[in-house]
Amino acid sequence: MENNNDFFYNGYDDNSQDNTKDPFSQKKTFYDPDSGVFITNEDPVVKVATTKDGRNHYISSFLVALIVLLAAGGMITIDIVKSVWSVSFMEHASQVQGVVTKVSHSTGRKRTKTYYVYYHYSASDGQEYDGCQTLTQQKAFETGFSSRNKVGTAVTVFFDPSNPKTSIIMVHDPGWVRISGEIIGFIVGVLLLINGIRIYRAFSNGEYVVEELNGRRKIRPLKSRRRGGYTYDIQKY
């Protein structure tokens with residue numbers, strides 16, 4: 001039977017002062033079958049991390065922040081534009097009595113519902129048109145359009161005299177639930193951006209170190225935040 005000790009060796013460094021073995025400098029040599037070489041597990045080489053070493057850390061935070069800010073900012077912008085447009089539209093629109101023909105809804109994330117109110121009206125040009133307005137769950141409950149019993153009831157329709165197909169039945173209101181969610185999302189994006197900047201500055205100020213051992217690299221803070229943690233010896237860099 002082959003002796004496995006041929007592939008594993010424990011040794012101690014000699015202490016040049018008293019010619020004794022130093023148990024704290026123990027090295028282990030073992031055979032790596034993947035690479036086909038013997039590897040010595042020694043103390044890692046420690047150096048100050050640069051911004052290039054840490055770019056994966058802060059760039060990922062920047063990318064996530066960008067996505068969140070674009071999504072939240074885009075939704076806020078759309079709601080503002082829709083609200084301003086609907087107010088301006090109603091000031092110059094013609095009014096006519098219409099009738100509700102259908103009320104339906106869809107359920108999205110977190111079981112929030114979006115309502116669709118369909119209506120029919122006759123414009124000043126003598127033509128008949130069909131319209132639909134999307135309402136948030138909050139707005140639908142406030143106006144009573146969350147019930148299918150609204151079908152057949154009269155509703156005031158505001159339409160564009162120059163283009164009677166364009167119409168609404170009320171001012172666009174995203175509701176405080178949606179607005180608050182968009183604002184929270186925007187704040188989260190800003191916090192992620194600040195975190196990315198903080199990480200970048202930490203790397204640029206030399207607050208991280210790179211450990212290199214047997215071809216593997218690890219990035220760690222210069223000082224551990226945990227009680228009793230490590231503090232790297234600055235003489236190593």
# chains A, B, ... in the order shown; residues from 1 in each chain; ligands from 1
call {"tool": "select_by_dssp", "arguments": {"residues": "stretch 71-177 of chain A", "states": "strand (DSSP E or B)", "output": "ChimeraX atom specification"}}
result
/A:94-107,113-122,128-136,154-160,163-168
call {"tool": "closest_atom_pairs", "arguments": {"of": "stretch 96-205 of chain A", "to": "stretch 75-86 of chain A", "cutoff": "9 Å", "atoms": "only C-alpha atoms", "output": "JSON lines"}}
result
{"residue": "A:Ile168", "atom": "CA", "partner": "A:Ser86", "partner_atom": "CA", "distance": 7.9}
{"residue": "A:Met170", "atom": "CA", "partner": "A:Ser86", "partner_atom": "CA", "distance": 7.8}
{"residue": "A:Val171", "atom": "CA", "partner": "A:Ser86", "partner_atom": "CA", "distance": 5.2}
{"residue": "A:His172", "atom": "CA", "partner": "A:Ser83", "partner_atom": "CA", "distance": 4.9}
{"residue": "A:Asp173", "atom": "CA", "partner": "A:Ser83", "partner_atom": "CA", "distance": 6.3}
{"residue": "A:Pro174", "atom": "CA", "partner": "A:Asp79", "partner_atom": "CA", "distance": 6.4}
{"residue": "A:Ile179", "atom": "CA", "partner": "A:Ile76", "partner_atom": "CA", "distance": 7.2}
{"residue": "A:Glu182", "atom": "CA", "partner": "A:Ile76", "partner_atom": "CA", "distance": 6.4}
{"residue": "A:Ile183", "atom": "CA", "partner": "A:Ile76", "partner_atom": "CA", "distance": 7.9}
call {"tool": "write_last_selection", "arguments": {"atoms": "C-alpha atoms", "output": "JSON list (two decimals), in the first residue's frame"}}
result
[["chain", "number", "residue", "atom", "x", "y", "z"],
["A", 168, "ILE", "CA", -60.81, 61.23, -20.50],
["A", 170, "MET", "CA", -61.14, 62.50, -14.88],
["A", 171, "VAL", "CA", -57.75, 64.03, -14.12],
["A", 172, "HIS", "CA", -54.90, 61.52, -13.97],
["A", 173, "ASP", "CA", -54.07, 60.83, -10.33],
["A", 174, "PRO", "CA", -51.44, 58.16, -9.56],
["A", 179, "ILE", "CA", -46.26, 58.06, -5.47],
["A", 182, "GLU", "CA", -41.85, 55.68, -6.38],
["A", 183, "ILE", "CA", -40.31, 58.13, -3.90]]
call {"tool": "select_by_dssp", "arguments": {"residues": "stretch 27-230 of chain A", "states": "alpha helix (DSSP H)", "output": "ChimeraX atom specification"}}
result
/A:55-92,137-143,175-204
call {"tool": "closest_residue", "arguments": {"among": "A:Phe89, A:Phe203, A:Phe159, A:Phe145", "to": "A:Ser124", "atoms": "only C-alpha atoms"}}
result
A:Phe159
call {"tool": "closest_residue", "arguments": {"among": "A:Gln127, A:Thr153, A:Thr136, A:Ser162", "to": "A:Thr101", "atoms": "only C-alpha atoms"}}
result
A:Thr153
call {"tool": "closest_residue", "arguments": {"among": "A:Arg217, A:Asp160, A:Val103, A:Ser146", "to": "A:Glu91", "atoms": "only C-alpha atoms"}}
result
A:Asp160
call {"tool": "residues_around", "arguments": {"residues": "stretch 48-59 of chain A", "least_positions_apart": "4", "cutoff": "8 Å", "atoms": "only C-alpha atoms", "output": "JSON, numbers by chain"}}
result
{"A": [63, 195, 196, 197, 199, 200, 203, 204, 206, 207, 208, 209, 210, 219, 237]}
call {"tool": "atom_distance", "arguments": {"atom1": "atom CA of A:Ser60", "atom2": "atom CA of A:Val46"}}
result
24.4 Å
call {"tool": "closest_residue", "arguments": {"among": "A:Asn163, A:Thr156, A:Asn205, A:Gln137", "to": "A:Gly175", "atoms": "only C-alpha atoms"}}
result
A:Gln137
